[in-house]
>>> print(open('query_10.cif').read())   # mmCIF, N, CA and C atoms
data_entry
loop_
_atom_site.label_atom_id
_atom_site.label_comp_id
_atom_site.auth_asym_id
_atom_site.auth_seq_id
_atom_site.Cartn_x
_atom_site.Cartn_y
_atom_site.Cartn_z
N MET A 1 153.61 105.76 65.91
CA MET A 1 154.72 106.56 65.41
C MET A 1 154.71 106.57 63.89
N SER A 2 154.44 105.42 63.30
CA SER A 2 154.40 105.30 61.85
C SER A 2 153.28 106.16 61.27
N ASN A 3 152.14 106.17 61.97
CA ASN A 3 151.01 106.97 61.53
C ASN A 3 151.34 108.46 61.58
N LEU A 4 152.04 108.86 62.63
CA LEU A 4 152.45 110.26 62.76
C LEU A 4 153.39 110.65 61.64
N LEU A 5 154.34 109.78 61.32
CA LEU A 5 155.28 110.04 60.23
C LEU A 5 154.54 110.12 58.90
N LYS A 6 153.56 109.25 58.70
CA LYS A 6 152.77 109.26 57.46
C LYS A 6 151.99 110.57 57.34
N GLN A 7 151.38 111.02 58.44
CA GLN A 7 150.63 112.27 58.43
C GLN A 7 151.53 113.46 58.13
N PHE A 8 152.73 113.46 58.73
CA PHE A 8 153.66 114.54 58.47
C PHE A 8 154.10 114.55 57.01
N LYS A 9 154.35 113.36 56.46
CA LYS A 9 154.76 113.26 55.06
C LYS A 9 153.67 113.81 54.14
N GLU A 10 152.42 113.46 54.41
CA GLU A 10 151.30 113.97 53.62
C GLU A 10 151.21 115.49 53.73
N PHE A 11 151.41 116.01 54.93
CA PHE A 11 151.35 117.46 55.14
C PHE A 11 152.49 118.16 54.41
N ALA A 12 153.70 117.65 54.56
CA ALA A 12 154.88 118.31 54.00
C ALA A 12 154.86 118.32 52.48
N PHE A 13 154.32 117.28 51.88
CA PHE A 13 154.37 117.19 50.42
C PHE A 13 153.03 117.46 49.76
N LYS A 14 152.06 117.94 50.54
CA LYS A 14 150.76 118.25 49.97
C LYS A 14 150.87 119.40 48.98
N GLY A 15 151.59 120.45 49.34
CA GLY A 15 151.79 121.58 48.45
C GLY A 15 153.17 121.52 47.84
N ASN A 16 153.51 122.55 47.15
CA ASN A 16 154.83 122.62 46.54
C ASN A 16 155.83 123.11 47.57
N VAL A 17 156.78 122.27 47.94
CA VAL A 17 157.74 122.58 49.00
C VAL A 17 158.61 123.77 48.60
N ILE A 18 158.94 123.89 47.33
CA ILE A 18 159.76 125.01 46.88
C ILE A 18 159.00 126.32 47.06
N ASP A 19 157.71 126.33 46.73
CA ASP A 19 156.89 127.53 46.94
C ASP A 19 156.87 127.92 48.41
N MET A 20 156.76 126.91 49.28
CA MET A 20 156.73 127.18 50.71
C MET A 20 158.07 127.75 51.17
N ALA A 21 159.17 127.22 50.67
CA ALA A 21 160.50 127.72 51.05
C ALA A 21 160.69 129.16 50.58
N VAL A 22 160.25 129.45 49.37
CA VAL A 22 160.35 130.82 48.85
C VAL A 22 159.51 131.76 49.72
N GLY A 23 158.35 131.31 50.13
CA GLY A 23 157.49 132.13 51.00
C GLY A 23 158.16 132.45 52.33
N VAL A 24 158.84 131.46 52.90
CA VAL A 24 159.54 131.68 54.17
C VAL A 24 160.66 132.69 53.99
N ILE A 25 161.42 132.56 52.92
CA ILE A 25 162.53 133.49 52.67
C ILE A 25 162.01 134.91 52.43
N VAL A 26 160.98 135.04 51.62
CA VAL A 26 160.41 136.37 51.36
C VAL A 26 159.81 136.93 52.64
N GLY A 27 159.18 136.09 53.45
CA GLY A 27 158.63 136.54 54.73
C GLY A 27 159.70 137.07 55.66
N GLY A 28 160.85 136.39 55.70
CA GLY A 28 161.97 136.86 56.53
C GLY A 28 162.48 138.20 56.06
N ALA A 29 162.60 138.36 54.74
CA ALA A 29 163.06 139.64 54.19
C ALA A 29 162.03 140.73 54.47
N PHE A 30 160.76 140.39 54.34
CA PHE A 30 159.70 141.36 54.61
C PHE A 30 159.73 141.79 56.07
N SER A 31 159.99 140.85 56.96
CA SER A 31 160.09 141.16 58.39
C SER A 31 161.20 142.15 58.66
N THR A 32 162.32 142.00 57.98
CA THR A 32 163.44 142.93 58.14
C THR A 32 163.05 144.33 57.67
N ILE A 33 162.33 144.40 56.56
CA ILE A 33 161.89 145.70 56.04
C ILE A 33 160.92 146.36 57.03
N VAL A 34 159.99 145.58 57.56
CA VAL A 34 159.03 146.15 58.52
C VAL A 34 159.74 146.60 59.79
N THR A 35 160.71 145.83 60.25
CA THR A 35 161.47 146.23 61.45
C THR A 35 162.18 147.55 61.21
N SER A 36 162.78 147.70 60.04
CA SER A 36 163.44 148.97 59.71
C SER A 36 162.43 150.10 59.63
N LEU A 37 161.27 149.85 59.03
CA LEU A 37 160.22 150.86 58.94
C LEU A 37 159.81 151.34 60.33
N VAL A 38 159.60 150.39 61.22
CA VAL A 38 159.17 150.74 62.58
C VAL A 38 160.28 151.47 63.33
N ASN A 39 161.49 150.91 63.33
CA ASN A 39 162.59 151.48 64.11
C ASN A 39 163.09 152.81 63.56
N ASP A 40 163.13 152.95 62.23
CA ASP A 40 163.75 154.11 61.62
C ASP A 40 162.78 155.20 61.20
N ILE A 41 161.51 154.89 61.05
CA ILE A 41 160.56 155.90 60.58
C ILE A 41 159.41 156.11 61.57
N ILE A 42 158.70 155.04 61.92
CA ILE A 42 157.49 155.20 62.74
C ILE A 42 157.81 155.59 64.17
N MET A 43 158.73 154.88 64.83
CA MET A 43 159.01 155.18 66.24
C MET A 43 159.64 156.56 66.43
N PRO A 44 160.53 157.05 65.54
CA PRO A 44 160.99 158.43 65.70
C PRO A 44 159.86 159.45 65.58
N ILE A 45 158.86 159.16 64.74
CA ILE A 45 157.71 160.07 64.64
C ILE A 45 156.94 160.05 65.95
N PHE A 46 156.72 158.85 66.53
CA PHE A 46 156.08 158.77 67.84
C PHE A 46 156.90 159.54 68.87
N GLY A 47 158.21 159.39 68.81
CA GLY A 47 159.09 160.10 69.74
C GLY A 47 158.97 161.61 69.58
N TYR A 48 158.83 162.08 68.37
CA TYR A 48 158.67 163.51 68.12
C TYR A 48 157.39 164.03 68.78
N PHE A 49 156.31 163.29 68.63
CA PHE A 49 155.04 163.72 69.20
C PHE A 49 154.94 163.49 70.70
N THR A 50 155.87 162.75 71.27
CA THR A 50 155.89 162.53 72.72
C THR A 50 157.09 163.23 73.36
N ALA A 51 157.40 164.41 72.87
CA ALA A 51 158.45 165.28 73.43
C ALA A 51 159.84 164.63 73.37
N GLY A 52 160.15 163.98 72.26
CA GLY A 52 161.49 163.45 72.06
C GLY A 52 161.81 162.17 72.80
N VAL A 53 160.81 161.44 73.22
CA VAL A 53 161.06 160.19 73.94
C VAL A 53 161.58 159.15 72.95
N ASN A 54 162.71 158.52 73.28
CA ASN A 54 163.26 157.44 72.48
C ASN A 54 162.70 156.14 73.05
N PHE A 55 161.87 155.46 72.28
CA PHE A 55 161.21 154.26 72.79
C PHE A 55 162.20 153.15 73.12
N ASP A 56 163.34 153.12 72.44
CA ASP A 56 164.34 152.10 72.74
C ASP A 56 164.87 152.22 74.16
N SER A 57 164.88 153.44 74.68
CA SER A 57 165.46 153.64 76.02
C SER A 57 164.42 153.56 77.13
N LEU A 58 163.16 153.34 76.80
CA LEU A 58 162.13 153.24 77.84
C LEU A 58 162.29 151.92 78.58
N LYS A 59 162.45 152.02 79.90
CA LYS A 59 162.63 150.80 80.69
C LYS A 59 162.30 151.08 82.14
N ILE A 60 162.06 150.00 82.86
CA ILE A 60 161.87 150.06 84.31
C ILE A 60 163.06 149.32 84.90
N VAL A 61 163.90 150.04 85.64
CA VAL A 61 165.10 149.44 86.21
C VAL A 61 164.72 148.71 87.49
N LEU A 62 165.00 147.41 87.51
CA LEU A 62 164.72 146.59 88.69
C LEU A 62 165.89 146.64 89.67
N SER A 63 167.11 146.57 89.14
CA SER A 63 168.29 146.72 89.98
C SER A 63 169.38 147.38 89.14
N ALA A 64 170.02 148.36 89.74
CA ALA A 64 171.05 149.12 89.02
C ALA A 64 172.28 148.25 88.79
N ALA A 65 173.05 148.63 87.78
CA ALA A 65 174.28 147.90 87.47
C ALA A 65 175.34 148.16 88.53
N THR A 66 176.07 147.12 88.85
CA THR A 66 177.20 147.25 89.76
C THR A 66 178.43 146.68 89.07
N GLU A 67 179.54 146.64 89.77
CA GLU A 67 180.76 146.09 89.17
C GLU A 67 180.63 144.59 88.93
N GLU A 68 179.83 143.90 89.75
CA GLU A 68 179.69 142.46 89.62
C GLU A 68 178.59 142.02 88.66
N LYS A 69 177.54 142.83 88.51
CA LYS A 69 176.41 142.39 87.67
C LYS A 69 175.90 143.54 86.81
N GLU A 70 175.22 143.15 85.74
CA GLU A 70 174.63 144.12 84.83
C GLU A 70 173.30 144.62 85.38
N GLU A 71 172.82 145.68 84.77
CA GLU A 71 171.53 146.24 85.16
C GLU A 71 170.42 145.26 84.79
N ALA A 72 169.46 145.12 85.68
CA ALA A 72 168.26 144.32 85.40
C ALA A 72 167.12 145.30 85.17
N ALA A 73 166.54 145.24 83.95
CA ALA A 73 165.50 146.21 83.62
C ALA A 73 164.47 145.56 82.70
N ILE A 74 163.25 146.05 82.81
CA ILE A 74 162.18 145.64 81.91
C ILE A 74 162.18 146.66 80.77
N MET A 75 162.47 146.18 79.55
CA MET A 75 162.60 147.05 78.38
C MET A 75 161.25 147.17 77.68
N TYR A 76 160.34 147.92 78.25
CA TYR A 76 159.01 147.99 77.67
C TYR A 76 158.96 148.83 76.41
N GLY A 77 159.92 149.72 76.18
CA GLY A 77 159.98 150.48 74.94
C GLY A 77 160.24 149.58 73.75
N SER A 78 161.16 148.65 73.91
CA SER A 78 161.45 147.67 72.86
C SER A 78 160.23 146.78 72.62
N PHE A 79 159.53 146.45 73.68
CA PHE A 79 158.31 145.64 73.56
C PHE A 79 157.26 146.38 72.74
N ILE A 80 157.11 147.69 72.97
CA ILE A 80 156.15 148.49 72.20
C ILE A 80 156.52 148.47 70.72
N GLN A 81 157.82 148.59 70.42
CA GLN A 81 158.27 148.54 69.02
C GLN A 81 157.94 147.20 68.39
N ASN A 82 158.12 146.12 69.14
CA ASN A 82 157.80 144.80 68.60
C ASN A 82 156.31 144.62 68.37
N ILE A 83 155.49 145.23 69.20
CA ILE A 83 154.04 145.18 68.99
C ILE A 83 153.68 145.91 67.71
N VAL A 84 154.28 147.07 67.49
CA VAL A 84 154.02 147.82 66.25
C VAL A 84 154.47 146.99 65.04
N ASN A 85 155.64 146.36 65.14
CA ASN A 85 156.11 145.46 64.06
C ASN A 85 155.06 144.40 63.76
N PHE A 86 154.59 143.75 64.81
CA PHE A 86 153.62 142.67 64.64
C PHE A 86 152.34 143.18 63.98
N LEU A 87 151.84 144.31 64.42
CA LEU A 87 150.60 144.85 63.86
C LEU A 87 150.75 145.17 62.38
N ILE A 88 151.88 145.74 61.99
CA ILE A 88 152.09 146.07 60.58
C ILE A 88 152.17 144.78 59.75
N ILE A 89 152.91 143.80 60.23
CA ILE A 89 153.02 142.53 59.50
C ILE A 89 151.66 141.85 59.43
N ALA A 90 150.90 141.86 60.52
CA ALA A 90 149.58 141.22 60.54
C ALA A 90 148.63 141.88 59.54
N VAL A 91 148.65 143.21 59.47
CA VAL A 91 147.79 143.92 58.53
C VAL A 91 148.18 143.59 57.09
N CYS A 92 149.48 143.55 56.82
CA CYS A 92 149.95 143.22 55.46
C CYS A 92 149.56 141.80 55.07
N ILE A 93 149.73 140.86 55.97
CA ILE A 93 149.36 139.47 55.67
C ILE A 93 147.86 139.35 55.48
N PHE A 94 147.09 140.03 56.32
CA PHE A 94 145.63 140.01 56.17
C PHE A 94 145.22 140.55 54.81
N ALA A 95 145.84 141.67 54.39
CA ALA A 95 145.51 142.26 53.10
C ALA A 95 145.88 141.31 51.96
N ALA A 96 147.04 140.68 52.05
CA ALA A 96 147.47 139.76 51.00
C ALA A 96 146.54 138.55 50.91
N ILE A 97 146.18 137.98 52.04
CA ILE A 97 145.29 136.81 52.04
C ILE A 97 143.91 137.19 51.52
N THR A 98 143.43 138.36 51.89
CA THR A 98 142.13 138.82 51.41
C THR A 98 142.14 138.95 49.89
N LEU A 99 143.20 139.54 49.34
CA LEU A 99 143.30 139.69 47.89
C LEU A 99 143.37 138.33 47.20
N VAL A 100 144.15 137.41 47.75
CA VAL A 100 144.26 136.08 47.14
C VAL A 100 142.90 135.36 47.19
N ASN A 101 142.22 135.45 48.33
CA ASN A 101 140.90 134.80 48.44
C ASN A 101 139.90 135.38 47.47
N LYS A 102 139.91 136.70 47.29
CA LYS A 102 138.99 137.32 46.33
C LYS A 102 139.31 136.85 44.92
N ALA A 103 140.59 136.77 44.58
CA ALA A 103 140.98 136.32 43.25
C ALA A 103 140.57 134.87 43.03
N MET A 104 140.75 134.02 44.05
CA MET A 104 140.39 132.61 43.92
C MET A 104 138.89 132.43 43.79
N HIS A 105 138.11 133.18 44.57
CA HIS A 105 136.65 133.07 44.50
C HIS A 105 136.15 133.59 43.16
N LYS A 106 136.77 134.61 42.63
CA LYS A 106 136.37 135.15 41.33
C LYS A 106 136.58 134.10 40.25
N ASP A 107 137.73 133.41 40.29
CA ASP A 107 138.00 132.36 39.31
C ASP A 107 137.02 131.21 39.45
N LYS A 108 136.69 130.83 40.68
CA LYS A 108 135.75 129.72 40.89
C LYS A 108 134.36 130.06 40.38
N LYS A 109 133.94 131.32 40.57
CA LYS A 109 132.62 131.72 40.10
C LYS A 109 132.54 131.67 38.58
N GLU A 110 133.63 132.05 37.92
CA GLU A 110 133.63 132.03 36.46
C GLU A 110 133.66 130.61 35.92
N GLU A 111 134.34 129.69 36.60
CA GLU A 111 134.49 128.33 36.13
C GLU A 111 133.32 127.42 36.50
N ALA A 112 132.59 127.76 37.52
CA ALA A 112 131.53 126.89 38.02
C ALA A 112 130.43 126.75 36.97
N PRO A 113 130.11 125.51 36.60
CA PRO A 113 129.02 125.32 35.63
C PRO A 113 127.68 125.62 36.29
N ALA A 114 126.75 125.98 35.45
CA ALA A 114 125.41 126.28 35.97
C ALA A 114 124.78 124.99 36.50
N ALA A 115 124.09 125.11 37.61
CA ALA A 115 123.43 123.96 38.21
C ALA A 115 122.27 123.53 37.31
N PRO A 116 122.06 122.22 37.19
CA PRO A 116 120.94 121.77 36.37
C PRO A 116 119.63 122.22 37.00
N PRO A 117 118.64 122.50 36.18
CA PRO A 117 117.37 122.97 36.73
C PRO A 117 116.71 121.88 37.58
N ALA A 118 116.04 122.31 38.61
CA ALA A 118 115.36 121.37 39.50
C ALA A 118 114.22 120.71 38.73
N PRO A 119 113.97 119.43 39.03
CA PRO A 119 112.88 118.75 38.33
C PRO A 119 111.52 119.35 38.72
N THR A 120 110.63 119.31 37.78
CA THR A 120 109.29 119.86 38.05
C THR A 120 108.49 118.86 38.87
N GLU A 121 107.38 119.32 39.36
CA GLU A 121 106.52 118.46 40.18
C GLU A 121 106.00 117.28 39.36
N ALA A 122 105.67 117.54 38.10
CA ALA A 122 105.16 116.48 37.23
C ALA A 122 106.24 115.41 37.01
N GLU A 123 107.49 115.84 36.81
CA GLU A 123 108.58 114.87 36.60
C GLU A 123 108.79 114.02 37.85
N LEU A 124 108.73 114.64 39.02
CA LEU A 124 108.90 113.90 40.27
C LEU A 124 107.79 112.88 40.45
N LEU A 125 106.56 113.28 40.17
CA LEU A 125 105.44 112.36 40.31
C LEU A 125 105.56 111.21 39.32
N THR A 126 106.04 111.49 38.12
CA THR A 126 106.24 110.44 37.12
C THR A 126 107.29 109.44 37.60
N GLU A 127 108.37 109.92 38.17
CA GLU A 127 109.42 109.04 38.69
C GLU A 127 108.88 108.16 39.82
N ILE A 128 108.11 108.76 40.72
CA ILE A 128 107.55 108.00 41.83
C ILE A 128 106.62 106.91 41.30
N ARG A 129 105.78 107.26 40.32
CA ARG A 129 104.85 106.27 39.74
C ARG A 129 105.63 105.12 39.12
N ASP A 130 106.69 105.45 38.37
CA ASP A 130 107.48 104.40 37.71
C ASP A 130 108.16 103.50 38.75
N LEU A 131 108.68 104.08 39.84
CA LEU A 131 109.31 103.28 40.89
C LEU A 131 108.31 102.35 41.56
N LEU A 132 107.10 102.87 41.80
CA LEU A 132 106.08 102.03 42.42
C LEU A 132 105.68 100.88 41.49
N LYS A 133 105.60 101.13 40.18
CA LYS A 133 105.27 100.06 39.24
C LYS A 133 106.36 98.99 39.24
N GLU A 134 107.63 99.42 39.30
CA GLU A 134 108.74 98.45 39.30
C GLU A 134 108.69 97.58 40.55
N GLN A 135 108.38 98.20 41.71
CA GLN A 135 108.31 97.44 42.96
C GLN A 135 107.14 96.45 42.92
N LYS A 136 106.04 96.87 42.31
CA LYS A 136 104.87 96.01 42.26
C LYS A 136 105.12 94.82 41.35
N ASN A 137 105.81 95.04 40.26
CA ASN A 137 106.12 93.96 39.30
C ASN A 137 107.23 93.04 39.80
N ALA A 138 108.05 93.48 40.72
CA ALA A 138 109.18 92.66 41.17
C ALA A 138 108.82 91.65 42.21
#
>>> encode(input="query_10.cif", output="structure tokens")
Amino acid sequence: MSNLLKQFKEFAFKGNVIDMAVGVIVGGAFSTIVTSLVNDIIMPIFGYFTAGVNFDSLKIVLSAATEEKEEAAIMYGSFIQNIVNFLIIAVCIFAAITLVNKAMHKDKKEEAPAAPPAPTEAELLTEIRDLLKEQKNA
């Protein structure tokens, strides 16, 4: 248990916790914007091209509503909207991560010092000779 707590502590404080919190808040706000984009712009366009179908109302009724119970239905139209939401968010996150990775790799390439030149065959043979002489004298 102590080891698990130690691992969690290392994970939680490895990066900047404030940066992580800001990312979560911005992600939540971004999710709201994408939901609005899908519900208010994209899905009505799909509805227009599918003869006015409102995706929110697409469902398969399993049992009709009665006075004692509510309608039981599979709301597959809402599910389709959530899939579109997910795809848009996934594409945006992929694009953001790709841009960040390119920027990080560009910085690393500029900062990386040049590798020292490989030793020549003559230098290697000289080193081997010197090592053999040391072993023989020891």
>>> resolve_selection(input="query_10.cif", expression="the PyMOL selection byres ((chain A and resi 71-76) around 6.5)", output="list in words")
Phe55, Leu58, Lys59, Ile60, Val61, Leu62, Ser63, Ala64, Ala65, Thr66, Lys69, Glu70, Gly77, Ser78, Phe79, Ile80 and Gln81 of chain A
>>> write_last_selection(input="query_10.cif", atoms="N, CA and C atoms", output="short mmCIF file (atom, residue, chain, number, x, y, z; two decimals), in the coordinates of the input")
data_model
loop_
_atom_site.label_atom_id
_atom_site.label_comp_id
_atom_site.auth_asym_id
_atom_site.auth_seq_id
_atom_site.Cartn_x
_atom_site.Cartn_y
_atom_site.Cartn_z
N PHE A 55 161.87 155.46 72.28
CA PHE A 55 161.21 154.26 72.79
C PHE A 55 162.20 153.15 73.12
N LEU A 58 163.16 153.34 76.80
CA LEU A 58 162.13 153.24 77.84
C LEU A 58 162.29 151.92 78.58
N LYS A 59 162.45 152.02 79.90
CA LYS A 59 162.63 150.80 80.69
C LYS A 59 162.30 151.08 82.14
N ILE A 60 162.06 150.00 82.86
CA ILE A 60 161.87 150.06 84.31
C ILE A 60 163.06 149.32 84.90
N VAL A 61 163.90 150.04 85.64
CA VAL A 61 165.10 149.44 86.21
C VAL A 61 164.72 148.71 87.49
N LEU A 62 165.00 147.41 87.51
CA LEU A 62 164.72 146.59 88.69
C LEU A 62 165.89 146.64 89.67
N SER A 63 167.11 146.57 89.14
CA SER A 63 168.29 146.72 89.98
C SER A 63 169.38 147.38 89.14
N ALA A 64 170.02 148.36 89.74
CA ALA A 64 171.05 149.12 89.02
C ALA A 64 172.28 148.25 88.79
N ALA A 65 173.05 148.63 87.78
CA ALA A 65 174.28 147.90 87.47
C ALA A 65 175.34 148.16 88.53
N THR A 66 176.07 147.12 88.85
CA THR A 66 177.20 147.25 89.76
C THR A 66 178.43 146.68 89.07
N LYS A 69 177.54 142.83 88.51
CA LYS A 69 176.41 142.39 87.67
C LYS A 69 175.90 143.54 86.81
N GLU A 70 175.22 143.15 85.74
CA GLU A 70 174.63 144.12 84.83
C GLU A 70 173.30 144.62 85.38
N GLY A 77 159.92 149.72 76.18
CA GLY A 77 159.98 150.48 74.94
C GLY A 77 160.24 149.58 73.75
N SER A 78 161.16 148.65 73.91
CA SER A 78 161.45 147.67 72.86
C SER A 78 160.23 146.78 72.62
N PHE A 79 159.53 146.45 73.68
CA PHE A 79 158.31 145.64 73.56
C PHE A 79 157.26 146.38 72.74
N ILE A 80 157.11 147.69 72.97
CA ILE A 80 156.15 148.49 72.20
C ILE A 80 156.52 148.47 70.72
N GLN A 81 157.82 148.59 70.42
CA GLN A 81 158.27 148.54 69.02
C GLN A 81 157.94 147.20 68.39
#
>>> select_by_dssp(input="query_10.cif", residues="segment 37-125 of chain A", states="strand (DSSP E)", output="list in words")
Ile60, Val61, Leu62, Ser63, Ala72, Ala73 and Ile74 of chain A
>>> atom_distance(input="query_10.cif", atom1="atom CA of Val84 of chain A", atom2="atom CA of Val38 of chain A")
7.0 Å
>>> closest_residue(input="query_10.cif", among="A:Ile89, A:Leu125, A:Leu99, A:Ala115", to="Thr32 of chain A", atoms="only C-alpha atoms")
A:Ile89
>>> residues_around(input="query_10.cif", residues="Val34 of chain A", least_positions_apart="4", cutoff="8 Å", atoms="only N, CA and C atoms", output="PyMOL selection string")
chain A and resi 28-30+38-40+84-86+88-89
>>> select_by_dssp(input="query_10.cif", residues="chain A", states="alpha helix (DSSP H)", output="NGL selection string")
:A and (2-12 or 17-37 or 43-49 or 76-111 or 121-137)
>>> atom_distance(input="query_10.cif", atom1="atom CA of Pro44 of chain A", atom2="atom CA of Leu87 of chain A")
17.2 Å
>>> atom_distance(input="query_10.cif", atom1="atom C of Met104 of chain A", atom2="atom CA of Val22 of chain A")
22.1 Å
>>> axis_aligned_box(input="query_10.cif", around="segment 37-41 of chain A", padding_each_side="3 Å", output="AutoDock Vina command-line options")
--center_x 161.5 --center_y 153.0 --center_z 61.5 --size_x 10.6 --size_y 12.3 --size_z 11.2
